[in-house]
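Asks: Sending over final05.txt (compact mmCIF, C-alpha atoms and all ligand atoms).
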```
# COMPACT_ATOMS: atom_id res chain seq x y z
CA MET A 20 -26.84 5.24 11.67
CA ARG A 21 -23.56 7.02 11.05
CA GLY A 22 -23.07 9.04 7.91
CA TYR A 23 -21.38 7.48 4.94
CA TYR A 24 -17.64 8.10 4.60
CA THR A 25 -18.14 9.24 1.01
CA GLU A 26 -20.66 11.87 2.15
CA GLU A 27 -18.63 13.07 5.10
CA THR A 28 -15.59 13.61 2.90
CA ASN A 29 -17.53 14.90 -0.13
CA PHE A 30 -15.62 12.12 -1.83
CA PHE A 31 -17.23 12.42 -5.28
CA GLY A 32 -16.82 16.20 -5.58
CA ASN A 33 -19.01 17.57 -8.37
CA THR A 34 -20.25 14.21 -9.52
CA ASN A 35 -21.88 11.11 -8.06
CA PRO A 36 -21.55 7.32 -8.37
CA LYS A 37 -24.24 7.01 -11.02
CA GLN A 38 -22.72 9.63 -13.30
CA LEU A 39 -19.30 8.09 -12.82
CA LEU A 40 -20.45 4.59 -13.76
CA GLU A 41 -22.37 5.91 -16.77
CA LYS A 42 -19.31 7.71 -17.99
CA TYR A 43 -16.60 5.15 -17.24
CA GLY A 44 -18.35 1.80 -16.81
CA SER A 45 -18.70 -0.57 -13.88
CA PRO A 46 -16.79 -1.59 -11.80
CA LEU A 47 -14.67 1.48 -11.27
CA TYR A 48 -11.88 2.64 -8.95
CA VAL A 49 -12.35 6.27 -7.90
CA TYR A 50 -9.61 8.29 -6.18
CA ASN A 51 -9.83 11.58 -4.32
CA GLU A 52 -6.81 13.87 -4.77
CA ASN A 53 -7.39 15.95 -1.63
CA ILE A 54 -7.44 12.90 0.61
CA LEU A 55 -4.29 11.51 -1.03
CA ARG A 56 -2.43 14.78 -0.47
CA GLN A 57 -3.62 14.99 3.11
CA ARG A 58 -2.29 11.51 3.92
CA CYS A 59 1.09 12.35 2.36
CA ARG A 60 1.31 15.44 4.55
CA GLU A 61 0.38 13.57 7.71
CA MET A 62 3.20 11.11 7.13
CA LYS A 63 5.69 13.87 6.31
CA SER A 64 4.98 15.55 9.61
CA LEU A 65 5.13 12.33 11.63
CA ILE A 66 8.38 13.28 13.32
CA SER A 67 10.19 16.57 13.77
CA TYR A 68 13.80 15.31 13.47
CA PRO A 69 15.01 17.33 10.48
CA ARG A 70 16.62 14.56 8.41
CA PHE A 71 13.46 12.63 7.88
CA ARG A 72 12.24 11.06 4.68
CA VAL A 73 9.02 9.30 3.74
CA CYS A 74 9.42 6.59 1.10
CA TYR A 75 6.08 5.61 -0.35
CA SER A 76 5.86 1.85 -0.90
CA THR A 77 4.90 1.65 -4.56
CA LYS A 78 3.41 -1.81 -4.45
CA ALA A 79 0.35 -0.53 -2.57
CA ASN A 80 -0.73 1.35 -5.70
CA SER A 81 1.44 2.09 -8.70
CA ASN A 82 -0.86 4.23 -10.85
CA VAL A 83 1.56 6.70 -12.48
CA HIS A 84 -0.78 9.67 -12.00
CA LEU A 85 -1.08 8.99 -8.28
CA LEU A 86 2.70 8.54 -8.10
CA LYS A 87 3.08 12.00 -9.66
CA ILE A 88 0.94 13.53 -6.91
CA ILE A 89 2.89 11.66 -4.24
CA HIS A 90 6.13 12.94 -5.79
CA GLN A 91 4.77 16.50 -5.85
CA GLU A 92 4.11 16.15 -2.14
CA GLY A 93 7.83 15.56 -1.67
CA LEU A 94 7.85 11.86 -0.88
CA HIS A 95 10.53 9.45 -2.01
CA ALA A 96 9.58 5.90 -2.98
CA ASP A 97 10.42 2.26 -2.42
CA ALA A 98 10.35 -0.17 -5.28
CA ILE A 99 10.47 -3.93 -5.02
CA SER A 100 10.82 -4.72 -8.72
CA PRO A 101 12.22 -3.17 -11.92
CA GLY A 102 8.63 -2.72 -13.10
CA GLU A 103 7.94 -0.43 -10.17
CA ILE A 104 11.15 1.49 -10.91
CA VAL A 105 9.93 2.05 -14.48
CA PHE A 106 6.64 3.49 -13.22
CA LEU A 107 8.40 5.70 -10.66
CA GLU A 108 10.71 7.09 -13.34
CA LYS A 109 7.69 7.79 -15.51
CA ALA A 110 6.14 9.72 -12.62
CA GLY A 111 9.27 11.88 -12.32
CA PHE A 112 11.12 10.28 -9.41
CA LYS A 113 14.91 10.72 -9.67
CA PRO A 114 17.25 7.75 -9.00
CA GLN A 115 18.24 9.24 -5.63
CA GLU A 116 14.56 9.37 -4.68
CA ILE A 117 14.09 5.64 -5.26
CA PHE A 118 15.08 2.85 -2.89
CA PHE A 119 15.09 -0.67 -4.35
CA ILE A 120 14.25 -3.20 -1.65
CA THR A 121 14.97 -6.57 -3.16
CA ASN A 122 13.87 -10.03 -2.15
CA ASN A 123 15.56 -12.88 -4.03
CA ALA A 124 16.49 -10.64 -6.95
CA SER A 125 18.23 -11.92 -10.07
CA SER A 126 21.52 -10.36 -11.13
CA GLN A 127 19.69 -8.66 -14.02
CA GLU A 128 17.30 -7.03 -11.59
CA MET A 129 20.16 -5.77 -9.44
CA GLU A 130 22.02 -4.49 -12.54
CA PHE A 131 18.87 -2.62 -13.54
CA ALA A 132 19.10 -0.56 -10.35
CA ILE A 133 22.91 -0.32 -10.22
CA GLU A 134 23.07 1.12 -13.77
CA ARG A 135 20.68 3.85 -12.70
CA GLY A 136 22.46 4.69 -9.45
CA ILE A 137 19.52 3.55 -7.35
CA THR A 138 20.34 2.39 -3.82
CA VAL A 139 19.73 -1.33 -3.38
CA SER A 140 18.82 -3.16 -0.19
CA VAL A 141 19.55 -6.89 -0.05
CA ASP A 142 18.02 -9.30 2.41
CA SER A 143 20.28 -12.32 2.66
CA ILE A 144 23.96 -13.17 2.83
CA SER A 145 23.87 -14.83 -0.58
CA GLN A 146 22.27 -11.74 -2.15
CA LEU A 147 24.87 -9.51 -0.49
CA LYS A 148 27.59 -11.58 -2.15
CA LEU A 149 25.79 -11.35 -5.48
CA TYR A 150 25.52 -7.59 -5.13
CA GLY A 151 29.19 -7.35 -4.17
CA SER A 152 30.22 -9.29 -7.25
CA LEU A 153 28.12 -7.03 -9.50
CA ASN A 154 29.08 -3.72 -7.93
CA PRO A 155 32.38 -4.05 -6.03
CA GLY A 156 33.35 -0.85 -4.24
CA GLY A 157 29.72 0.30 -4.34
CA LYS A 158 27.16 1.32 -1.79
CA VAL A 159 24.56 -1.05 -0.40
CA ALA A 160 21.86 -1.35 2.24
CA ILE A 161 20.73 -4.46 4.08
CA ARG A 162 17.35 -5.47 5.36
CA ILE A 163 17.47 -6.62 8.96
CA ASN A 164 15.03 -9.02 10.57
CA PRO A 165 14.84 -7.64 14.10
CA GLY A 166 13.01 -10.70 15.43
CA ILE A 167 9.76 -8.76 15.96
CA GLY A 168 6.79 -9.06 13.61
CA ALA A 169 3.30 -7.52 13.42
CA GLY A 170 0.41 -7.46 11.02
CA HIS A 171 -3.25 -8.11 10.27
CA SER A 172 -2.72 -11.60 8.82
CA GLU A 173 -0.02 -14.30 8.92
CA LYS A 174 0.63 -13.54 5.26
CA VAL A 175 1.74 -9.98 5.92
CA ILE A 176 3.92 -10.42 9.00
CA THR A 177 7.35 -9.86 7.54
CA ALA A 178 9.75 -10.12 10.44
CA GLY A 179 10.21 -12.43 13.40
CA ASN A 180 11.07 -16.12 13.38
CA ASN A 181 8.57 -17.23 10.75
CA THR A 182 9.28 -15.29 7.60
CA LYS A 183 11.56 -15.39 4.60
CA PHE A 184 12.59 -11.75 5.02
CA GLY A 185 15.68 -10.07 6.35
CA ILE A 186 19.12 -10.86 7.73
CA TYR A 187 19.22 -12.04 11.34
CA PRO A 188 21.31 -9.93 13.73
CA GLU A 189 23.54 -12.94 14.55
CA LEU A 190 24.87 -12.77 10.99
CA ILE A 191 26.30 -9.28 11.33
CA PRO A 192 29.93 -10.50 11.61
CA GLU A 193 29.38 -12.38 8.33
CA VAL A 194 27.88 -9.23 6.77
CA LYS A 195 30.96 -7.27 7.79
CA ARG A 196 33.27 -9.88 6.30
CA ILE A 197 31.47 -9.72 2.96
CA LEU A 198 31.39 -5.93 2.96
CA LYS A 199 35.16 -6.01 3.36
CA GLU A 200 35.67 -8.71 0.76
CA TYR A 201 33.87 -6.66 -1.91
CA ASP A 202 34.90 -3.26 -0.58
CA LEU A 203 31.24 -2.33 -0.15
CA LYS A 204 30.05 0.62 1.88
CA LEU A 205 26.98 -0.13 3.99
CA VAL A 206 25.00 3.10 3.70
CA GLY A 207 21.67 2.00 5.12
CA ILE A 208 19.82 -0.54 7.17
CA ASN A 209 16.12 -1.11 6.80
CA GLN A 210 13.39 -3.31 8.16
CA HIS A 211 9.69 -3.86 7.66
CA ILE A 212 7.96 -5.81 10.39
CA GLY A 213 4.58 -6.25 8.75
CA SER A 214 1.50 -4.58 7.47
CA LEU A 215 -1.38 -2.83 9.19
CA PHE A 216 -0.59 -2.18 12.83
CA MET A 217 -3.04 0.00 14.78
CA ASP A 218 -1.06 -0.12 18.04
CA PRO A 219 2.28 1.74 17.86
CA THR A 220 4.08 -0.51 20.37
CA PRO A 221 5.61 -3.23 18.12
CA TYR A 222 6.76 -0.61 15.62
CA VAL A 223 8.48 1.43 18.31
CA GLU A 224 10.04 -1.69 19.85
CA ALA A 225 11.35 -2.81 16.47
CA ALA A 226 12.72 0.70 15.85
CA LYS A 227 14.66 0.50 19.11
CA THR A 228 16.06 -2.88 18.12
CA LEU A 229 17.13 -1.54 14.74
CA LEU A 230 18.91 1.36 16.41
CA SER A 231 20.84 -1.02 18.64
CA ILE A 232 21.88 -2.95 15.54
CA ALA A 233 22.87 0.30 13.82
CA GLU A 234 25.62 0.70 16.41
CA ASN A 235 27.56 -2.02 14.61
CA PHE A 236 28.09 0.15 11.56
CA ASN A 237 29.78 3.51 11.34
CA GLU A 238 29.12 4.70 7.79
CA LEU A 239 25.32 4.62 7.78
CA GLU A 240 23.68 7.42 5.84
CA PHE A 241 20.16 6.28 6.63
CA ILE A 242 18.15 4.10 8.98
CA ASP A 243 14.77 2.92 7.76
CA PHE A 244 12.08 1.74 10.19
CA GLY A 245 9.73 0.34 7.52
CA GLY A 246 6.02 0.68 6.81
CA GLY A 247 2.86 -1.00 8.02
CA PHE A 248 0.95 2.01 9.39
CA GLY A 249 -2.67 0.91 9.68
CA ILE A 250 -5.87 2.66 8.68
CA PRO A 251 -9.33 2.16 10.21
CA TYR A 252 -11.16 -0.15 7.82
CA ARG A 253 -14.17 -0.35 10.16
CA LYS A 254 -15.23 3.27 10.02
CA GLN A 255 -18.93 2.39 10.20
CA GLU A 256 -18.29 0.88 13.65
CA GLY A 257 -16.41 4.01 14.68
CA GLN A 258 -12.93 2.43 14.68
CA ASP A 259 -10.23 4.82 15.90
CA ARG A 260 -7.39 6.03 13.73
CA LEU A 261 -3.79 5.07 14.43
CA ASP A 262 -2.50 7.61 16.97
CA LEU A 263 0.15 9.25 14.79
CA LYS A 264 0.88 11.92 17.34
CA ALA A 265 1.78 9.41 20.04
CA LEU A 266 3.75 7.30 17.57
CA GLY A 267 5.63 10.31 16.21
CA GLN A 268 6.53 11.55 19.70
CA LYS A 269 7.88 8.13 20.68
CA LEU A 270 9.97 7.90 17.52
CA ASP A 271 11.28 11.42 18.00
CA GLU A 272 12.30 10.56 21.55
CA ILE A 273 14.27 7.46 20.64
CA ILE A 274 15.86 9.16 17.62
CA HIS A 275 16.86 12.14 19.72
CA GLY A 276 18.31 9.87 22.41
CA TRP A 277 20.24 7.77 19.92
CA THR A 278 21.66 10.60 17.79
CA THR A 279 22.84 12.67 20.75
CA LYS A 280 24.37 9.62 22.40
CA HIS A 281 26.37 8.72 19.30
CA GLY A 282 26.90 12.19 17.89
CA ILE A 283 25.86 11.12 14.39
CA TYR A 284 22.82 12.34 12.52
CA PRO A 285 21.82 9.97 9.71
CA THR A 286 18.60 10.30 7.73
CA PHE A 287 15.69 8.42 9.21
CA GLN A 288 13.07 7.06 6.89
CA ILE A 289 9.78 5.20 6.93
CA GLU A 290 8.01 3.23 4.19
CA PRO A 291 4.23 3.68 4.34
CA GLY A 292 2.21 2.16 1.52
CA ARG A 293 -1.32 1.54 2.74
CA TYR A 294 -1.48 4.64 4.91
CA ILE A 295 -0.83 6.90 1.92
CA VAL A 296 -3.29 5.43 -0.57
CA ALA A 297 -5.92 3.22 1.11
CA GLU A 298 -8.42 5.88 2.12
CA CYS A 299 -8.23 8.03 -0.99
CA SER A 300 -10.07 5.41 -3.04
CA VAL A 301 -13.40 3.66 -3.24
CA LEU A 302 -14.46 0.89 -5.57
CA LEU A 303 -17.84 1.21 -7.27
CA GLY A 304 -19.82 -1.78 -8.49
CA THR A 305 -23.29 -2.56 -9.74
CA VAL A 306 -25.89 -4.95 -8.35
CA TYR A 307 -27.15 -7.41 -10.97
CA ALA A 308 -28.95 -9.98 -8.83
CA VAL A 309 -30.53 -10.30 -5.41
CA LYS A 310 -31.18 -13.77 -4.04
CA GLN A 311 -32.67 -14.79 -0.71
CA GLY A 312 -30.44 -17.47 0.82
CA TYR A 313 -31.33 -19.50 3.93
CA ASN A 314 -29.41 -17.28 6.32
CA THR A 315 -28.44 -14.23 4.34
CA THR A 316 -29.45 -12.22 1.30
CA TYR A 317 -26.96 -12.67 -1.53
CA VAL A 318 -26.29 -9.55 -3.50
CA GLY A 319 -24.63 -10.40 -6.80
CA THR A 320 -22.34 -7.75 -8.25
CA ASP A 321 -19.48 -7.20 -10.66
CA LEU A 322 -17.07 -6.88 -7.71
CA GLY A 323 -15.26 -10.17 -8.09
CA PHE A 324 -11.95 -10.94 -6.43
CA ASN A 325 -10.24 -10.21 -9.70
CA VAL A 326 -11.04 -6.55 -8.93
CA LEU A 327 -10.37 -6.47 -5.16
CA ILE A 328 -8.77 -9.59 -3.72
CA ARG A 329 -8.18 -8.50 -0.12
CA PRO A 330 -11.38 -10.00 1.37
CA ALA A 331 -10.80 -13.37 -0.34
CA MET A 332 -7.06 -13.46 0.27
CA TYR A 333 -6.68 -12.00 3.76
CA ASN A 334 -10.22 -12.14 5.09
CA SER A 335 -10.08 -8.35 5.12
CA HIS A 336 -12.97 -6.10 5.98
CA HIS A 337 -14.07 -3.22 3.77
CA ASP A 338 -17.08 -1.09 4.66
CA VAL A 339 -19.86 -1.11 2.07
CA GLU A 340 -22.11 1.85 1.33
CA VAL A 341 -25.33 1.49 -0.62
CA TYR A 342 -26.36 3.97 -3.30
CA ASP A 343 -29.53 3.68 -5.37
CA GLU A 344 -29.74 3.55 -9.16
CA ASN A 345 -29.84 7.35 -9.26
CA GLY A 346 -26.63 7.74 -7.28
CA HIS A 347 -28.25 8.76 -3.98
CA PRO A 348 -27.14 7.20 -0.69
CA VAL A 349 -29.57 4.69 0.81
CA LYS A 350 -29.68 4.48 4.59
CA SER A 351 -33.33 3.82 5.39
CA GLY A 352 -35.51 0.71 5.41
CA GLU A 353 -35.14 -2.44 7.44
CA TYR A 354 -31.50 -3.50 7.58
CA GLN A 355 -30.91 -7.15 6.82
CA ASP A 356 -28.12 -9.70 6.90
CA THR A 357 -26.48 -9.36 3.50
CA THR A 358 -23.58 -11.07 1.75
CA VAL A 359 -22.09 -9.30 -1.23
CA VAL A 360 -20.55 -11.57 -3.84
CA GLY A 361 -18.88 -11.13 -7.22
CA ASN A 362 -19.17 -12.79 -10.61
CA ILE A 363 -16.15 -15.10 -10.49
CA CYS A 364 -16.66 -18.88 -10.66
CA GLU A 365 -15.48 -19.70 -7.11
CA SER A 366 -17.47 -19.81 -3.89
CA GLY A 367 -14.74 -17.83 -2.12
CA ASP A 368 -15.71 -14.87 -4.29
CA ILE A 369 -17.18 -12.86 -1.42
CA ILE A 370 -16.40 -9.20 -0.93
CA ALA A 371 -18.50 -8.61 2.21
CA LYS A 372 -19.97 -11.36 4.36
CA ASN A 373 -22.99 -11.14 6.67
CA ARG A 374 -23.29 -7.37 6.84
CA LEU A 375 -26.28 -5.45 8.10
CA LEU A 376 -27.21 -3.37 5.08
CA PRO A 377 -30.31 -1.49 3.95
CA PRO A 378 -32.53 -3.31 1.43
CA ILE A 379 -30.72 -3.58 -1.89
CA ARG A 380 -32.30 -3.88 -5.32
CA GLU A 381 -31.03 -4.71 -8.79
CA GLY A 382 -29.44 -1.66 -10.35
CA TYR A 383 -28.19 -0.25 -7.06
CA ILE A 384 -24.59 0.84 -6.78
CA LEU A 385 -22.31 -0.45 -4.04
CA VAL A 386 -19.40 1.61 -2.79
CA VAL A 387 -16.56 -0.36 -1.20
CA THR A 388 -14.46 2.05 0.82
CA ASP A 389 -10.72 2.23 1.62
CA ALA A 390 -9.91 0.38 -1.59
CA GLY A 391 -6.82 2.34 -2.69
CA ALA A 392 -4.12 0.09 -1.20
CA TYR A 393 -3.56 -3.40 -2.63
CA GLY A 394 -6.74 -2.93 -4.64
CA TYR A 395 -5.96 -2.21 -8.27
CA SER A 396 -2.33 -3.23 -7.73
CA MET A 397 -3.47 -6.78 -6.94
CA ALA A 398 -6.26 -6.87 -9.53
CA SER A 399 -6.01 -9.50 -12.23
CA ASN A 400 -7.60 -10.73 -15.42
CA TYR A 401 -8.78 -13.98 -13.83
CA ASN A 402 -11.78 -15.40 -15.72
CA ASN A 403 -10.61 -13.15 -18.58
CA ARG A 404 -12.25 -10.21 -16.85
CA LEU A 405 -11.14 -6.73 -17.74
CA ARG A 406 -9.48 -4.73 -15.00
CA PRO A 407 -11.53 -1.59 -14.28
CA ALA A 408 -10.78 2.00 -15.19
CA GLU A 409 -9.38 4.40 -12.59
CA VAL A 410 -10.75 7.92 -12.18
CA LEU A 411 -9.41 10.79 -10.10
CA ILE A 412 -11.63 13.39 -8.44
CA ASP A 413 -9.21 16.29 -8.67
CA LYS A 414 -8.64 19.23 -6.31
CA ASN A 415 -11.58 21.08 -7.86
CA GLY A 416 -13.95 18.14 -7.56
CA ASN A 417 -13.84 17.25 -11.25
CA ASP A 418 -13.50 13.68 -12.51
CA VAL A 419 -10.49 12.80 -14.68
CA LEU A 420 -9.79 9.41 -16.25
CA ILE A 421 -6.31 8.32 -15.09
CA ARG A 422 -6.32 4.79 -16.51
CA ARG A 423 -8.74 3.26 -18.96
CA ARG A 424 -10.42 -0.07 -18.55
CA ASP A 425 -8.62 -3.05 -20.13
CA THR A 426 -9.91 -4.14 -23.52
CA PHE A 427 -10.19 -7.59 -25.06
CA GLU A 428 -7.39 -6.50 -27.41
CA ASP A 429 -5.19 -5.95 -24.34
CA LEU A 430 -5.87 -9.50 -23.25
CA LEU A 431 -5.03 -10.88 -26.68
CA SER A 432 -2.00 -8.64 -27.26
CA THR A 433 0.60 -10.95 -25.72
CA PHE A 434 -0.01 -13.93 -28.01
CA ASN A 435 1.91 -14.90 -31.11
CA PHE A 436 -0.62 -15.77 -33.79
C1 LIG B 501 4.81 -3.72 1.51
C2 LIG B 501 5.99 -3.05 2.10
C3 LIG B 501 5.85 -1.82 2.74
C4 LIG B 501 4.53 -1.11 2.90
O1 LIG B 501 3.65 -1.74 3.75
P1 LIG B 501 2.28 -1.02 4.14
O2 LIG B 501 1.64 -1.95 5.08
O3 LIG B 501 1.49 -0.84 2.89
O4 LIG B 501 2.63 0.28 4.78
C5 LIG B 501 6.99 -1.21 3.23
N1 LIG B 501 8.21 -1.79 3.11
C6 LIG B 501 8.37 -2.98 2.50
C7 LIG B 501 9.72 -3.55 2.38
C8 LIG B 501 7.27 -3.65 1.98
O5 LIG B 501 7.46 -4.82 1.38
```
Kindly transcribe the structure held in the file into structure tokens.

Replies:
Amino acid sequence: MRGYYTEETNFFGNTNPKQLLEKYGSPLYVYNENILRQRCREMKSLISYPRFRVCYSTKANSNVHLLKIIHQEGLHADAISPGEIVFLEKAGFKPQEIFFITNNASSQEMEFAIERGITVSVDSISQLKLYGSLNPGGKVAIRINPGIGAGHSEKVITAGNNTKFGIYPELIPEVKRILKEYDLKLVGINQHIGSLFMDPTPYVEAAKTLLSIAENFNELEFIDFGGGFGIPYRKQEGQDRLDLKALGQKLDEIIHGWTTKHGIYPTFQIEPGRYIVAECSVLLGTVYAVKQGYNTTYVGTDLGFNVLIRPAMYNSHHDVEVYDENGHPVKSGEYQDTTVVGNICESGDIIAKNRLLPPIREGYILVVTDAGAYGYSMASNYNNRLRPAEVLIDKNGNDVLIRRRDTFEDLLSTFNF
């Protein structure tokens, strides 16, 4: 049996899961500052080309305290809604450090960014016209659909022939006509082919395609290859990490070739979300019931899909670690086929299906790893459940509350009575 990820990384610092749940309640998102900073640094050193920028994709996790750390590490950020822009501003990001990547935005949403001097990317001809009418003579970026997609689920493949995203390369003459009509300056092109690739090839191929499209425009200040960098969710099976070194070298090569050929040196940027935040967080929950089913043991917990929806929504895998009621890791005993479920009234409320886990008893604590990306940010109040608190294990190993649990008053606060 391999060690637990949380042990290998000393994830909980000076505390342990039991103490954390006693102090902050169950379930609970726990973040590790050192791991977060390390991931930011890995992305920043992905390529050596000097004009290189990492834009963190805020939707993966928008906790303001985590955003502050990401900002301290020198990353810029992508936003896809005014709400994300508000959080980024709160975390200290300046307008020039924010890139607003819109999809079917209203004119109010575009105005929100234009007023602040935030660069906007549009992803259709009709939205380019809208932008031009709101900000004639201004700067704009467009999202290109390079015709290549990749991702861990149909739902997250965001380029290619089957998605709503991006402007097709055939429309470039039309783009140019509209740019001229509204006297717009096209300062950037961006793409995002999908989420969670573990093989660098499609990303590199799509980057090459984007560079060939870039040759159509002569005022570009930046070229943005998008996000999607995968992380190994199956650590217990020994899954390999994405080979960043190989990916970085490939990107450096094509950037070097392109810039020297054309004699222009724009900024290159990438948009990682998951890679930055997924592994710095685990989700803790408590076991309230154990039931022997016909083929599997059902372990009933407070980890419903209102707290972490990825398994129910994308069929995603998260490793599960078992801790006992005193906060000590459990790895002995006869492993059995186990299905971990939540407390939501739907049979799809399964967080881990048919896993081989050590014997689990009521009162045990389950640790769901790699929960930092699309975890809390997709959590909801379904079934009128309260979204959990979020705690940071800081650089010194101490636990700090960075967002409190919802209250019933929060749930009632939006009504007129
Ligand atoms: C979601 C998104 C990203 C980040 O994707 P990850 O898989 O989390 O890296 C980047 N760019 C855009 C436009 C996105 O919508």

Asks: 9 Å from ligand LIG 501 (chain B) is the threshold here; counting only C-alpha atoms and all ligand atoms, which polymer residues fall inside it? Answer as a PyMOL selection string.

Replies: chain A and resi 74-79+97-99+120-122+162+170+175+177+209-216+244-249+289-297+392-393

Asks: Find, counting all atoms listed in the file, the residue in A:Ile379, A:Leu86, A:Val223, A:Val105 that gets nearest to Thr320 (chain A).

Replies: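 Result for the nearest residue to Thr320 (chain A): A:Ile379.
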
Asks: Can you work out the spacing between CA of Glu409 (chain A) and CA of Val326 (chain A) in Å, to one decimal?

Replies: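 Computed distance, CA of Glu409 (chain A) to CA of Val326 (chain A), equals 11.7 Å.
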
Asks: So, counting only C-alpha atoms, which residue among A:Tyr68, A:Tyr43, A:Tyr383, A:Tyr50 is closest to Asp413 (chain A)?

Replies: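 Smallest distance to Asp413 (chain A) is found for A:Tyr50.
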
Asks: Expressed in Å to a single decimal, how great is the separation between CA of Gly157 (chain A) and CA of Tyr201 (chain A)?

Replies: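 Answer for the CA of Gly157 (chain A) to CA of Tyr201 (chain A) separation: 8.5 Å.
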